[in-house]
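To start, the structure itself, in structure tokens.
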Amino acid sequence: MTGRRLTSLLAYITTSAAGASLLTGCGVLPGATGGSREPVTVMTWAPDQTRATNMPGMPAMAQAFARWVNSQGGIDGHELRVLTCNEHNSTAGAAACARRAVRENAVAVVGSYSQNGRAFMAPLEAAGIPYIGGYGISEDEFTSPLSYPVNGGQASLIAGHGIQLAGSCRTVSLVRPDTLAGDRLPELLNSGLRKASHRGAVDIPAVEDAAEYTAQASRAREKAGEKQGCVTAVLGERTQTFFDSFRRLPEQEGGEGGRGGEGGRGGDVRGGDSGEENGAVRISSVLGSVGQPVIDRTGGAHSPFEGAFVTGWYPEAGDRSWAPMRKVIQEHAFADNRVDPADAGVQTTWIAYTVLKDVIEALDDDTISASRIAHALDRGERIDTGGLTPTLRWKYEDLLGAPGYPRIVNHEVTFQVVRKGQLVAQKPGFVDVGETVLSAP
């Protein structure tokens, strides 16, 4: 056979093989069931290395989720690409992250944290990009038609916390951020306290990123009083700093200021829900301001938070419903100490990506777009989170419609208490606080 004829034959064979590979779907991700499908790009953002609240575990959990699903062939055959962004706890940072999501054609922002809702929602809305499972810290997450929250946000936590405290606290001092978001907290806490015909809490605003809170701690203890008084602080990452200042307060004259952690000084947690030592001031907070990682860092069973009341969105970290998340963390983020399975931010990101995964699988198409994801959620795609939340759905009739928080669909919380250094259920199951949130002024 001449060289020219051999070359022609090889070219024919190569062309035929290439055509056959296109017809048979060669190049599909391992585990995919259909033809070659486009990658899906999403973004997760959170503040990191700032002076206020930091949530590095949320982008880290998103990356671990992507490694997991991609090792299984992607989501319904789509490789999941996760972009991460440091939001810096600033309006400029939040807006920059949102603009980057638009620029890089993200089909959703998933499992993210930002207090700067106005800064990030406008760019996302202009581009039609849904915001799925934000942490729940900004009101815009509960008003934007392109936001799909997986929890009831601060509104549900604080309203639920009022219910939790109402049975044990005669007077409550609330220490909260002196911010626009913080301004709503007293009304929400009081709506829960009124369930037991309680008077309103004493409102004590505080700078969110202060280095110490001695003045606010002293006022909070004074206003709480010595008989069944409670001090609750909701300052995000600075809550630990506040309670350190509280613990170091000099003992009050008359003795019942609390035994504290240093030489009998300060305001100590007394008895949790045991009802013992009614003269002591008790402390409390909500998940996200106090959680298992904070308790572990501050001494575990000897932590100043021992006995404290805590209201959460989800089951306690030891609940078996978290087993799938723990398995993914162990296999795909074991060496990453940012990913703590007991952290509320990590948990929220896991649930948010569960929503994304279910929606993409339900669409079952080669191409996934932002508009198609939003449309699927709007038309009533039901999301089962394996007992971590009630079944989630965002049809109009599922929305709570509370003033300022109309897009809440999950208005259930859990009551927890710190016992022997562990956050455990104070009562089993979820507590519905929808009516309480609706009744807030």
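Ordering of the structure tokens sets the chain letters (A, B, ...); residue numbers start at 1 within each chain; ligands are numbered from 1 in the order shown.
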For A:Val437, please output as a PyMOL selection string all residues within 7 Å (counting only C-alpha atoms; exclusion window: fewer than 3 positions along the same chain).
-> chain A and resi 155-156+159+188+402+433-434+440
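For the residues A:Ser289, A:Thr84, A:Thr385, A:Thr348, ranking by smallest atom-to-atom distance to A:Pro324 using only C-alpha atoms places A:Thr385 first.
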Per residue of stretch 148-177 of chain A within 12 Å of stretch 95-114 of chain A, record the nearest atom pair and its distance in Å to one decimal, counting only C-alpha atoms, with rows in chain order and ascending residue number, as CSV.
```
residue,atom,partner,partner_atom,distance
A:Tyr148,CA,A:Val110,CA,9.6
A:Pro149,CA,A:Gly111,CA,9.3
A:Val150,CA,A:Gly111,CA,9.2
A:Asn151,CA,A:Gly111,CA,11.2
A:Gly153,CA,A:Tyr113,CA,11.3
```
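Proximity to A:His375 at 12 Å, evaluated using only C-alpha atoms and with sequence-adjacent residues fewer than 5 positions away removed, yields Gly128, Ile129, Pro130, Pro145, Leu146, Tyr148, Val359, Ile360, Ala362, Leu363, Ile368, Ser369, Ala370, Gly380, Glu381, Trp394 and Lys395 of chain A.
Closest approach to A:Asp384 among A:Thr354, A:Ser168, A:Ser285, A:Gln330: A:Thr354, based on only C-alpha atoms.
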